[in-house]
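Coordinates as given in upload17.csv (CSV, C-alpha atoms):
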```csv
chain,number,residue,atom,x,y,z
A,51,MET,CA,-14.5,-59.9,123.8
A,52,LYS,CA,-13.5,-61.0,120.3
A,53,ALA,CA,-14.3,-58.8,117.3
A,54,PHE,CA,-14.0,-59.4,113.6
A,55,LEU,CA,-13.4,-57.2,110.6
A,56,ILE,CA,-14.7,-58.7,107.4
A,57,LEU,CA,-13.9,-57.0,104.1
A,58,GLU,CA,-15.9,-57.3,100.9
A,59,ASP,CA,-13.2,-59.4,99.2
A,60,GLY,CA,-13.5,-62.0,102.0
A,61,THR,CA,-10.4,-61.0,104.0
A,62,LEU,CA,-10.9,-61.6,107.7
A,63,PHE,CA,-9.1,-59.9,110.7
A,64,GLU,CA,-9.7,-61.1,114.2
A,65,GLY,CA,-9.1,-58.8,117.2
A,66,ILE,CA,-10.5,-57.4,120.4
A,67,HIS,CA,-13.7,-55.4,120.6
A,68,ILE,CA,-13.5,-51.7,121.6
A,69,GLY,CA,-16.0,-48.9,121.8
A,70,ALA,CA,-19.8,-49.3,121.6
A,71,ARG,CA,-21.5,-52.7,121.5
A,72,LYS,CA,-23.0,-52.8,118.0
A,73,GLU,CA,-22.3,-54.2,114.6
A,74,ILE,CA,-21.7,-51.9,111.6
A,75,ILE,CA,-21.1,-52.1,107.8
A,76,SER,CA,-19.1,-49.2,106.4
A,77,GLU,CA,-16.5,-48.1,103.9
A,78,ILE,CA,-13.0,-48.8,105.4
A,79,VAL,CA,-10.4,-46.1,105.0
A,80,PHE,CA,-7.0,-45.4,106.6
A,81,ASN,CA,-5.5,-42.3,108.1
A,82,THR,CA,-1.7,-41.8,108.4
A,83,SER,CA,-1.7,-39.1,111.1
A,84,MET,CA,0.6,-39.8,114.0
A,85,ALA,CA,-1.5,-37.6,116.4
A,86,GLY,CA,-4.9,-36.0,116.4
A,87,TYR,CA,-7.1,-39.0,116.7
A,88,LEU,CA,-9.7,-37.0,118.5
A,89,GLU,CA,-9.9,-34.4,115.7
A,90,VAL,CA,-10.2,-37.3,113.2
A,91,LEU,CA,-13.0,-38.9,115.2
A,92,THR,CA,-14.9,-35.6,115.3
A,93,ASP,CA,-14.3,-34.6,111.7
A,94,PRO,CA,-17.8,-34.8,110.0
A,95,SER,CA,-16.0,-35.8,106.7
A,96,TYR,CA,-15.7,-39.3,108.1
A,97,ALA,CA,-19.5,-39.9,108.3
A,98,GLY,CA,-20.3,-43.1,106.5
A,99,GLN,CA,-16.8,-44.5,106.9
A,100,ALA,CA,-14.8,-46.6,109.4
A,101,VAL,CA,-11.3,-45.3,110.0
A,102,CYS,CA,-8.1,-47.4,110.4
A,103,MET,CA,-5.4,-45.4,112.2
A,104,THR,CA,-2.0,-46.5,110.9
A,105,TYR,CA,-0.1,-45.2,113.9
A,106,PRO,CA,0.1,-48.2,116.2
A,107,LEU,CA,-0.8,-46.7,119.6
A,108,ILE,CA,-4.0,-44.6,119.8
A,109,GLY,CA,-5.5,-43.0,122.9
A,110,ASN,CA,-2.3,-42.4,125.0
A,111,TYR,CA,-3.2,-38.8,125.8
A,112,GLY,CA,-7.0,-39.5,126.1
A,113,ILE,CA,-9.8,-37.1,125.1
A,114,CYS,CA,-9.6,-33.3,125.7
A,115,LYS,CA,-13.1,-31.9,125.0
A,116,GLU,CA,-11.6,-28.5,124.1
A,117,ASP,CA,-10.1,-30.1,121.0
A,118,LEU,CA,-13.3,-31.5,119.5
A,119,GLU,CA,-13.8,-30.4,115.8
A,120,SER,CA,-17.6,-30.8,116.0
A,121,ARG,CA,-20.4,-31.8,118.4
A,122,LYS,CA,-19.8,-35.6,118.3
A,123,ALA,CA,-17.8,-38.5,116.7
A,124,TRP,CA,-18.9,-39.3,113.1
A,125,PRO,CA,-17.1,-42.4,111.9
A,126,ASP,CA,-19.2,-45.6,111.8
A,127,GLY,CA,-16.2,-47.6,113.3
A,128,PHE,CA,-12.7,-47.2,114.6
A,129,ILE,CA,-9.8,-49.6,113.8
A,130,VAL,CA,-6.5,-49.5,115.7
A,131,ARG,CA,-3.4,-51.7,116.5
A,132,GLU,CA,-3.5,-50.9,120.2
A,133,LEU,CA,-5.9,-48.8,122.2
A,134,SER,CA,-4.6,-47.1,125.3
A,135,ARG,CA,-7.1,-47.4,128.1
A,136,MET,CA,-4.9,-45.5,130.7
A,137,PRO,CA,-4.2,-42.0,129.2
A,138,SER,CA,-1.5,-39.8,130.6
A,139,ASN,CA,-2.0,-36.1,130.0
A,140,PHE,CA,-3.2,-33.3,132.3
A,141,ARG,CA,-5.6,-32.0,129.7
A,142,CYS,CA,-7.4,-35.3,129.5
A,143,ASP,CA,-11.1,-35.3,130.3
A,144,MET,CA,-11.8,-39.0,129.7
A,145,PRO,CA,-10.2,-42.1,128.1
A,146,ILE,CA,-10.8,-42.8,124.5
A,147,GLN,CA,-12.8,-46.0,125.3
A,148,GLU,CA,-15.3,-44.0,127.2
A,149,PHE,CA,-15.6,-41.5,124.4
A,150,LEU,CA,-16.2,-44.2,121.8
A,151,GLU,CA,-18.9,-45.7,124.0
A,152,GLU,CA,-20.6,-42.4,124.6
A,153,ASN,CA,-20.7,-41.6,120.9
A,154,GLY,CA,-21.9,-45.0,119.8
A,155,VAL,CA,-18.7,-45.9,117.8
A,156,PRO,CA,-17.8,-49.6,117.8
A,157,GLY,CA,-14.3,-50.7,116.8
A,158,ILE,CA,-11.7,-53.4,116.7
A,159,ALA,CA,-8.1,-53.4,118.2
A,160,GLY,CA,-5.3,-55.9,118.1
A,161,ILE,CA,-5.3,-56.4,114.3
A,162,ASP,CA,-2.3,-55.9,112.0
A,163,THR,CA,-3.2,-52.4,110.8
A,164,ARG,CA,-0.2,-52.3,108.5
A,165,ALA,CA,-1.5,-55.4,106.6
A,166,LEU,CA,-5.0,-53.8,106.4
A,167,THR,CA,-3.5,-50.5,105.0
A,168,LYS,CA,-1.4,-52.3,102.5
A,169,LEU,CA,-4.4,-54.3,101.3
A,170,LEU,CA,-6.5,-51.1,100.9
A,171,ARG,CA,-3.6,-49.5,99.0
A,172,GLU,CA,-3.2,-52.5,96.6
A,173,LYS,CA,-6.9,-53.2,96.0
A,174,GLY,CA,-8.5,-49.8,96.8
A,175,THR,CA,-10.9,-48.8,99.4
A,176,MET,CA,-13.3,-51.5,100.3
A,177,ASN,CA,-16.5,-51.9,102.4
A,178,GLY,CA,-16.3,-54.0,105.5
A,179,MET,CA,-18.2,-55.2,108.7
A,180,ILE,CA,-17.1,-54.9,112.3
A,181,THR,CA,-18.9,-57.5,114.4
A,182,THR,CA,-18.6,-59.5,117.6
A,183,ASN,CA,-20.8,-62.3,116.3
A,184,GLU,CA,-18.5,-65.4,116.1
A,185,ASN,CA,-21.2,-67.2,114.1
A,186,TYR,CA,-21.4,-64.8,111.2
A,187,ASN,CA,-22.3,-66.2,107.8
A,188,PRO,CA,-20.0,-65.0,105.0
A,189,GLU,CA,-22.5,-66.0,102.4
A,190,GLU,CA,-25.0,-63.5,103.9
A,191,ILE,CA,-22.5,-60.8,104.8
A,192,LEU,CA,-20.5,-60.4,101.6
A,193,PRO,CA,-23.4,-59.4,99.3
A,194,LYS,CA,-24.4,-56.7,101.9
A,195,LEU,CA,-20.9,-55.4,101.9
A,196,LYS,CA,-20.7,-55.1,98.2
A,197,THR,CA,-23.9,-53.1,98.0
A,198,TYR,CA,-23.2,-50.6,100.8
A,199,THR,CA,-23.1,-46.9,100.0
A,200,ALA,CA,-22.7,-44.0,102.4
A,201,GLY,CA,-25.6,-42.1,100.7
A,202,LYS,CA,-26.3,-38.4,101.3
A,203,VAL,CA,-24.3,-38.0,104.5
A,204,VAL,CA,-24.1,-34.2,104.3
A,205,ASP,CA,-27.8,-34.3,105.4
A,206,THR,CA,-26.7,-35.9,108.7
A,207,VAL,CA,-23.7,-33.7,109.6
A,208,THR,CA,-24.8,-30.1,108.7
A,209,CYS,CA,-26.1,-27.8,111.4
A,210,ARG,CA,-29.9,-27.5,111.7
A,211,GLU,CA,-30.1,-23.7,111.9
A,212,LYS,CA,-27.8,-20.8,111.3
A,213,TYR,CA,-25.7,-19.3,114.0
A,214,THR,CA,-23.0,-16.6,114.3
A,215,LEU,CA,-19.5,-16.9,115.7
A,216,SER,CA,-18.3,-13.5,117.1
A,217,ALA,CA,-15.1,-12.0,115.9
A,218,ALA,CA,-12.0,-11.7,118.1
A,219,GLN,CA,-11.8,-8.0,119.3
A,220,VAL,CA,-8.2,-8.2,120.4
A,221,LEU,CA,-5.4,-10.6,119.8
A,222,SER,CA,-5.5,-11.9,123.4
A,223,ASP,CA,-9.0,-13.3,122.7
A,224,ASN,CA,-7.2,-16.1,120.8
A,225,GLY,CA,-4.7,-17.1,123.4
A,226,PRO,CA,-1.0,-16.6,123.6
A,227,ILE,CA,1.0,-16.3,120.3
A,228,SER,CA,3.6,-18.8,121.6
A,229,GLY,CA,4.3,-20.8,124.7
A,230,SER,CA,3.1,-24.1,126.2
A,231,SER,CA,0.2,-25.0,128.5
A,232,GLN,CA,0.9,-25.0,132.2
A,233,PHE,CA,-0.6,-27.3,134.8
A,234,ILE,CA,-1.9,-25.3,137.8
A,235,LYS,CA,-3.6,-27.8,140.0
A,236,GLU,CA,-6.0,-25.4,141.8
A,237,GLU,CA,-7.2,-23.9,138.5
A,238,TYR,CA,-7.5,-27.4,136.8
A,239,GLU,CA,-9.7,-28.6,139.7
A,240,ARG,CA,-12.0,-25.6,139.1
A,241,GLY,CA,-12.2,-26.5,135.4
A,242,ILE,CA,-10.1,-23.6,134.2
A,243,ARG,CA,-7.9,-24.4,131.2
A,244,GLU,CA,-5.2,-22.2,129.7
A,245,LYS,CA,-6.0,-21.3,126.1
A,246,LYS,CA,-4.0,-23.0,123.4
A,247,PRO,CA,-1.2,-21.0,121.7
A,248,SER,CA,-2.5,-19.0,118.6
A,249,MET,CA,-0.8,-18.7,115.2
A,250,VAL,CA,-2.7,-15.4,114.5
A,251,ARG,CA,-0.6,-12.3,114.7
A,252,ALA,CA,-3.0,-9.6,113.4
A,253,LEU,CA,-6.8,-9.0,113.2
A,254,SER,CA,-6.6,-8.6,109.4
A,255,GLY,CA,-10.2,-9.5,109.0
A,256,LYS,CA,-11.7,-7.0,111.5
A,257,GLY,CA,-15.0,-5.6,110.3
A,258,LEU,CA,-15.5,-8.3,107.6
A,259,LYS,CA,-18.5,-10.6,107.6
A,260,VAL,CA,-18.2,-14.2,106.2
A,261,ALA,CA,-21.0,-16.6,105.4
A,262,LEU,CA,-19.9,-20.2,106.0
A,263,LEU,CA,-22.0,-22.9,104.2
A,264,ASP,CA,-21.8,-25.9,106.6
A,265,LEU,CA,-21.4,-29.1,104.5
A,266,GLY,CA,-19.9,-30.9,107.4
A,267,ALA,CA,-17.6,-28.1,108.6
A,268,LYS,CA,-14.8,-28.6,111.1
A,269,ASP,CA,-15.1,-26.0,113.9
A,270,ASN,CA,-11.6,-24.7,113.2
A,271,ILE,CA,-12.6,-23.3,109.9
A,272,ALA,CA,-15.0,-20.8,111.5
A,273,LYS,CA,-12.5,-20.3,114.4
A,274,SER,CA,-9.7,-19.5,112.0
A,275,LEU,CA,-11.7,-16.7,110.4
A,276,ALA,CA,-13.1,-15.4,113.7
A,277,ALA,CA,-9.6,-15.4,115.2
A,278,ARG,CA,-8.5,-13.0,112.5
A,279,GLY,CA,-11.4,-10.6,113.3
A,280,CYS,CA,-14.1,-11.9,110.9
A,281,GLU,CA,-17.7,-12.3,112.0
A,282,VAL,CA,-18.8,-15.7,110.8
A,283,THR,CA,-22.4,-16.7,110.2
A,284,VAL,CA,-22.7,-20.5,109.7
A,285,TYR,CA,-25.6,-21.6,107.4
A,286,PRO,CA,-27.1,-25.2,107.0
A,287,ALA,CA,-26.0,-27.0,103.8
A,288,TYR,CA,-29.4,-26.6,102.1
A,289,THR,CA,-29.7,-22.9,102.6
A,290,ARG,CA,-31.0,-21.1,99.5
A,291,ALA,CA,-28.3,-19.0,97.8
A,292,GLN,CA,-30.5,-16.0,97.8
A,293,GLU,CA,-30.7,-16.0,101.6
A,294,ILE,CA,-26.9,-15.8,101.8
A,295,ILE,CA,-26.7,-13.2,99.1
A,296,ASP,CA,-29.4,-11.0,100.8
A,297,ALA,CA,-27.3,-11.0,104.0
A,298,ARG,CA,-24.6,-9.2,102.0
A,299,PRO,CA,-21.5,-11.0,103.3
A,300,ASP,CA,-18.0,-9.8,102.3
A,301,GLY,CA,-17.1,-13.3,101.5
A,302,ILE,CA,-18.5,-16.9,101.4
A,303,MET,CA,-16.7,-20.0,102.7
A,304,LEU,CA,-17.7,-23.4,101.4
A,305,SER,CA,-16.7,-26.1,104.0
A,306,ASN,CA,-15.4,-29.6,103.9
A,307,GLY,CA,-17.9,-32.5,104.2
A,308,PRO,CA,-18.5,-36.2,103.7
A,309,GLY,CA,-19.6,-38.4,100.8
A,310,ASP,CA,-19.7,-38.4,97.0
A,311,PRO,CA,-20.0,-34.8,95.8
A,312,LYS,CA,-22.3,-35.8,93.0
A,313,GLU,CA,-24.9,-36.8,95.5
A,314,CYS,CA,-25.3,-33.1,96.5
A,315,THR,CA,-27.3,-32.1,93.5
A,316,GLN,CA,-29.5,-29.5,95.3
A,317,ILE,CA,-26.5,-27.9,96.9
A,318,ILE,CA,-24.7,-27.7,93.6
A,319,ASP,CA,-27.6,-25.8,92.1
A,320,GLU,CA,-27.4,-23.2,94.9
A,321,ILE,CA,-23.6,-22.9,94.6
A,322,LYS,CA,-24.0,-22.1,90.9
A,323,LYS,CA,-26.0,-19.1,92.0
A,324,LEU,CA,-23.3,-18.0,94.4
A,325,TYR,CA,-20.7,-18.4,91.6
A,326,ASP,CA,-22.8,-16.0,89.4
A,327,THR,CA,-22.4,-13.2,92.0
A,328,ASP,CA,-19.3,-11.0,92.5
A,329,ILE,CA,-18.9,-12.1,96.1
A,330,THR,CA,-15.4,-13.4,97.1
A,331,ILE,CA,-15.5,-17.2,97.7
A,332,PHE,CA,-13.1,-19.6,99.3
A,333,ALA,CA,-13.9,-23.3,99.3
A,334,ILE,CA,-12.3,-26.3,101.1
A,335,CYS,CA,-12.4,-30.0,100.3
A,336,LEU,CA,-16.0,-31.0,99.5
A,337,GLY,CA,-16.7,-27.3,98.9
A,338,HIS,CA,-13.9,-27.3,96.3
A,339,GLN,CA,-15.4,-30.3,94.6
A,340,LEU,CA,-18.9,-28.9,94.6
A,341,MET,CA,-17.8,-25.6,93.1
A,342,ALA,CA,-16.1,-27.5,90.3
A,343,LEU,CA,-19.2,-29.5,89.6
A,344,ALA,CA,-21.3,-26.3,89.7
A,345,THR,CA,-19.2,-24.9,86.9
A,346,GLY,CA,-19.3,-27.8,84.6
A,347,ALA,CA,-16.3,-29.9,85.7
A,348,ASP,CA,-16.3,-33.5,87.0
A,349,THR,CA,-15.0,-35.5,89.9
A,350,TYR,CA,-14.0,-39.1,90.4
A,351,LYS,CA,-13.3,-41.5,93.2
A,352,MET,CA,-9.7,-42.1,94.1
A,353,LYS,CA,-8.3,-45.6,94.6
A,354,TYR,CA,-7.8,-45.1,98.3
A,355,GLY,CA,-7.8,-41.3,98.9
A,356,HIS,CA,-5.6,-38.9,100.9
A,357,ARG,CA,-6.1,-39.0,104.7
A,358,GLY,CA,-3.4,-37.8,106.9
A,359,GLY,CA,-1.3,-34.8,108.1
A,360,ASN,CA,1.8,-35.1,105.8
A,361,HIS,CA,0.6,-34.5,102.2
A,362,PRO,CA,2.8,-32.1,100.2
A,363,VAL,CA,1.0,-29.7,97.9
A,364,LYS,CA,2.6,-27.1,95.6
A,365,ASP,CA,1.2,-23.6,95.1
A,366,LEU,CA,1.6,-23.2,91.3
A,367,GLU,CA,1.7,-19.4,91.6
A,368,THR,CA,4.4,-19.0,94.2
A,369,GLY,CA,6.2,-22.4,93.9
A,370,ILE,CA,5.8,-22.9,97.7
A,371,VAL,CA,5.2,-26.4,98.9
A,372,TYR,CA,3.0,-26.8,101.9
A,373,ILE,CA,2.8,-29.9,104.1
A,374,SER,CA,-0.9,-30.3,104.4
A,375,SER,CA,-3.7,-32.0,106.3
A,376,GLN,CA,-6.0,-33.9,104.1
A,377,ASN,CA,-9.1,-36.1,104.2
A,378,HIS,CA,-10.8,-36.9,100.9
A,379,GLY,CA,-11.7,-39.8,98.7
A,380,TYR,CA,-12.8,-37.9,95.6
A,381,VAL,CA,-10.9,-35.5,93.4
A,382,VAL,CA,-11.6,-33.0,90.6
A,383,ASP,CA,-10.9,-34.4,87.1
A,384,MET,CA,-8.6,-31.8,85.5
A,385,GLU,CA,-9.3,-33.1,82.1
A,386,ARG,CA,-12.9,-31.9,82.5
A,387,VAL,CA,-12.1,-28.4,83.8
A,388,ASP,CA,-12.6,-25.6,81.2
A,389,PRO,CA,-9.5,-23.3,81.4
A,390,LYS,CA,-11.8,-20.4,80.5
A,391,VAL,CA,-13.6,-21.1,83.8
A,392,ALA,CA,-10.8,-22.2,86.1
A,393,VAL,CA,-7.1,-23.1,86.2
A,394,PRO,CA,-5.1,-25.3,88.5
A,395,ALA,CA,-3.8,-23.4,91.6
A,396,PHE,CA,-2.4,-26.3,93.6
A,397,ILE,CA,-1.1,-29.8,92.8
A,398,ASN,CA,-0.3,-32.8,94.9
A,399,VAL,CA,3.5,-33.4,94.8
A,400,ASN,CA,3.1,-37.2,95.5
A,401,ASP,CA,0.6,-38.2,92.7
A,402,GLY,CA,0.0,-35.1,90.6
A,403,THR,CA,-3.7,-34.8,91.4
A,404,ASN,CA,-5.4,-31.5,91.6
A,405,GLU,CA,-5.4,-29.7,95.0
A,406,GLY,CA,-7.0,-26.4,94.2
A,407,LEU,CA,-8.4,-24.1,91.5
A,408,SER,CA,-8.4,-20.4,90.7
A,409,TYR,CA,-11.5,-19.2,88.9
A,410,THR,CA,-10.9,-17.0,85.8
A,411,GLY,CA,-12.4,-13.5,86.1
A,412,LYS,CA,-13.8,-14.3,89.6
A,413,ASN,CA,-12.7,-13.7,93.2
A,414,ILE,CA,-12.9,-17.4,93.8
A,415,PHE,CA,-10.2,-19.9,94.8
A,416,THR,CA,-10.6,-23.4,96.2
A,417,VAL,CA,-8.4,-26.0,97.8
A,418,GLN,CA,-8.7,-29.8,98.3
A,419,PHE,CA,-6.7,-29.8,101.5
A,420,HIS,CA,-7.3,-28.3,105.0
A,421,PRO,CA,-5.6,-25.0,105.7
A,422,GLU,CA,-7.3,-25.0,109.2
A,423,ALA,CA,-5.5,-28.3,109.9
A,424,CYS,CA,-6.5,-29.7,113.3
A,425,PRO,CA,-4.9,-32.2,113.2
A,426,GLY,CA,-1.9,-31.5,111.1
A,427,PRO,CA,0.6,-28.8,110.2
A,428,GLN,CA,-0.3,-25.1,110.1
A,429,ASP,CA,1.8,-24.4,106.9
A,430,SER,CA,-1.2,-23.3,104.7
A,431,GLY,CA,-3.0,-21.2,107.4
A,432,GLU,CA,-1.9,-18.1,105.4
A,433,LEU,CA,-4.6,-19.0,102.8
A,434,PHE,CA,-7.1,-17.4,105.2
A,435,GLU,CA,-5.1,-14.2,104.9
A,436,ARG,CA,-5.3,-14.5,101.1
A,437,PHE,CA,-9.1,-14.9,101.4
A,438,ILE,CA,-9.3,-11.8,103.7
A,439,SER,CA,-7.1,-9.8,101.3
A,440,MET,CA,-9.4,-10.7,98.4
A,441,MET,CA,-12.4,-9.6,100.4
A,442,ARG,CA,-10.7,-6.3,101.1
A,443,LYS,CA,-10.2,-5.6,97.4
A,444,THR,CA,-13.8,-6.1,96.4
```
What does this structure look like when you write it as structure tokens?
Amino acid sequence: MKAFLILEDGTLFEGIHIGARKEIISEIVFNTSMAGYLEVLTDPSYAGQAVCMTYPLIGNYGICKEDLESRKAWPDGFIVRELSRMPSNFRCDMPIQEFLEENGVPGIAGIDTRALTKLLREKGTMNGMITTNENYNPEEILPKLKTYTAGKVVDTVTCREKYTLSAAQVLSDNGPISGSSQFIKEEYERGIREKKPSMVRALSGKGLKVALLDLGAKDNIAKSLAARGCEVTVYPAYTRAQEIIDARPDGIMLSNGPGDPKECTQIIDEIKKLYDTDITIFAICLGHQLMALATGADTYKMKYGHRGGNHPVKDLETGIVYISSQNHGYVVDMERVDPKVAVPAFINVNDGTNEGLSYTGKNIFTVQFHPEACPGPQDSGELFERFISMMRKT
């Protein structure tokens, strides 16, 4: 079946329909990761967006449900050069086409994704429509595209009630430190899967309790803390600050999430109350932006954002450059950050934008990138150890 991608500037791409049978209007963004399409699809930060994967072949290893980063797929649409309908991997549970159908995600394949990406880089992120209607009317569609906004998407992705993730009691709870998965036919047929190798070498967080505010959190954030021995209680995004404070956590984690941070006015008010305490806080991505807004700084929308697994960021304290996983379209405006409140801690090596802040006189640091990765490099996973060390000192 034919499918069409229509951009708000009138550009048309014709391809083949994939995924669910429905029409969508969304913000079109691109991701440069060469692997990890399942983690991209299940990252709540993509709610309200349709994702174009720049790597040309997507779906070749299928879908492994163990690797989901949340309960479902969140993008409005999926755009690829070629979709593999015959996956080849012993961990595969289903082909990607079936997963897209189950999760109600429509898409388009067979278009020149390089041309689309170049267009978005030159003109900036645009809204678009994916449709199978060959009789579409541009005069009706284009005004709708120009007025589309994602809205308050944090509301749709956050958990509905709090829950607790138990801490690892011994290192073996996390799986082997090194090695590769083995295919044992008899166990595979019984549904037994070998645990993935772990990067954690010590239960440095044993005995510590962390409150994680779920703004659209990827599962691996809580898992990264639990694997180090922390007990993690996950709270819905609109939880009152006082409820978290009354639970007396050793530290608070503010998660990633979707949308324009300035839409989260109620959440910002509560984060300001968390800032006013002496509790150690570590924030990632949207959480980083909201903490900045809560303390009087500002954010702005980038031309086309950072989405991929190969973005270099420099730690300004140590001089170390991490290759990081990123997914954001907004950034903190450093010209609006009061140095008496916070100072830059990380910077993007490619374009010089801010990638993290250290808060003056507070046990708070924040990063724009994803130290939990998935997908992406594990270079900055040691930042969880930094968070744990800060909790120990308070």
ask   = If we count all atoms listed in the file, what is near region 196-202 of chain A at a cut-off of 7 Å, once residues fewer than 2 positions away on the same chain are taken out, given as number ranges by chain?
value = A: 58, 98, 177, 192-194, 204-205, 309, 313
inquiry  = I'd like to know which of A:His356, A:Lys212, A:Lys246, A:Arg251 is closest to Asp264 (chain A), using all atoms listed in the file.
reply    =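 Among the listed residues, the smallest separation from Asp264 (chain A) belongs to A:Lys212.
Atom pair CA of Ala291 (chain A) / CA of Gln316 (chain A): separated by 10.9 Å.
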With 10 Å as the cut-off and all atoms listed in the file counted, what is the closest atom pair between each nearby residue of region 180-262 of chain A and region 123-127 of chain A? Distances in Å to one decimal, ordered by chain and number, as JSON lines.
```
{"residue": "A:Ile180", "atom": "CA", "partner": "A:Gly127", "partner_atom": "CA", "distance": 7.4}
{"residue": "A:Thr206", "atom": "CA", "partner": "A:Trp124", "partner_atom": "CA", "distance": 9.6}
{"residue": "A:Val207", "atom": "CA", "partner": "A:Trp124", "partner_atom": "CA", "distance": 8.2}
```
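Distance annotation: of A:Ala277, A:Leu57, A:Ala333, A:Met303, the residue with the minimal separation from Ser216 (chain A) is A:Ala277; atom set is all atoms listed in the file.
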task = Between A:Gly109, A:Gly279, A:Gly178, A:Gly69, single out the one closest to Leu258 (chain A), counting all atoms listed in the file.
result =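 Checking each candidate against Leu258 (chain A), we get A:Gly279 as the closest.
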message = Could you tell me how far CA of Lys353 (chain A) sits from CA of Gly431 (chain A), in Å to one decimal place?
response =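 These two atoms are separated by 28.1 Å.
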task = Skip Met384 (chain A) itself and residues of its chain fewer than 6 positions away, then list as a PyMOL selection string all residues within 12 Å of it, counting all atoms listed in the file.
result = chain A and resi 339+342-343+346-350+391-397+402-407
Give me a file of those residues, with C-alpha atoms, as a PDB file, in the coordinates of the input.
```pdb
ATOM      1  CA  GLN A 339     -15.400 -30.300  94.600  1.00  0.00           C
ATOM      2  CA  ALA A 342     -16.100 -27.500  90.300  1.00  0.00           C
ATOM      3  CA  LEU A 343     -19.200 -29.500  89.600  1.00  0.00           C
ATOM      4  CA  GLY A 346     -19.300 -27.800  84.600  1.00  0.00           C
ATOM      5  CA  ALA A 347     -16.300 -29.900  85.700  1.00  0.00           C
ATOM      6  CA  ASP A 348     -16.300 -33.500  87.000  1.00  0.00           C
ATOM      7  CA  THR A 349     -15.000 -35.500  89.900  1.00  0.00           C
ATOM      8  CA  TYR A 350     -14.000 -39.100  90.400  1.00  0.00           C
ATOM      9  CA  VAL A 391     -13.600 -21.100  83.800  1.00  0.00           C
ATOM     10  CA  ALA A 392     -10.800 -22.200  86.100  1.00  0.00           C
ATOM     11  CA  VAL A 393      -7.100 -23.100  86.200  1.00  0.00           C
ATOM     12  CA  PRO A 394      -5.100 -25.300  88.500  1.00  0.00           C
ATOM     13  CA  ALA A 395      -3.800 -23.400  91.600  1.00  0.00           C
ATOM     14  CA  PHE A 396      -2.400 -26.300  93.600  1.00  0.00           C
ATOM     15  CA  ILE A 397      -1.100 -29.800  92.800  1.00  0.00           C
ATOM     16  CA  GLY A 402       0.000 -35.100  90.600  1.00  0.00           C
ATOM     17  CA  THR A 403      -3.700 -34.800  91.400  1.00  0.00           C
ATOM     18  CA  ASN A 404      -5.400 -31.500  91.600  1.00  0.00           C
ATOM     19  CA  GLU A 405      -5.400 -29.700  95.000  1.00  0.00           C
ATOM     20  CA  GLY A 406      -7.000 -26.400  94.200  1.00  0.00           C
ATOM     21  CA  LEU A 407      -8.400 -24.100  91.500  1.00  0.00           C
TER      22      LEU A 407
END
```
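For the residues A:Glu119, A:Met440, A:Ala272, A:Asp223, ranking by smallest atom-to-atom distance to Pro425 (chain A) using only C-alpha atoms places A:Glu119 first.
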request  = Give the answer as one residue: which of A:Gln99, A:Asn413, A:Thr208, A:Asn110 has the shortest atom-to-atom distance to Ile329 (chain A), using all atoms listed in the file?
outcome  =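 Smallest distance to Ile329 (chain A) is found for A:Asn413.
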remark   = One residue among A:Arg442, A:His378, A:Arg436, A:His338 is nearest to Met352 (chain A) when using all atoms listed in the file, and that residue is A:His378
key: Atomic separation - CA of Glu244 (chain A) relative to CA of Tyr111 (chain A), Å   =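 Going from CA of Tyr111 (chain A) over to CA of Glu244 (chain A), I get 17.2 Å.
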Spatial neighbours of Val203 (chain A), 10 Å, all atoms listed in the file, chain gap at least 5 places, as an MDAnalysis selection string = chainID A and resid 94:98 208 265:266 307:310 313:314
task = Excluding Asp269 (chain A) and residues on its chain fewer than 2 positions from it, collect all residues at most 9 Å away from it, counting all atoms listed in the file, and give them as a VMD selection string.
result = chain A and resid 93 118 to 120 267 271 to 274
message = Applying 8 Å and all atoms listed in the file, which residues near Ser254 (chain A) remain after dropping the ones on its own chain fewer than 4 positions away? List them as a ChimeraX atom specification.
response = /A:278-279,435,438
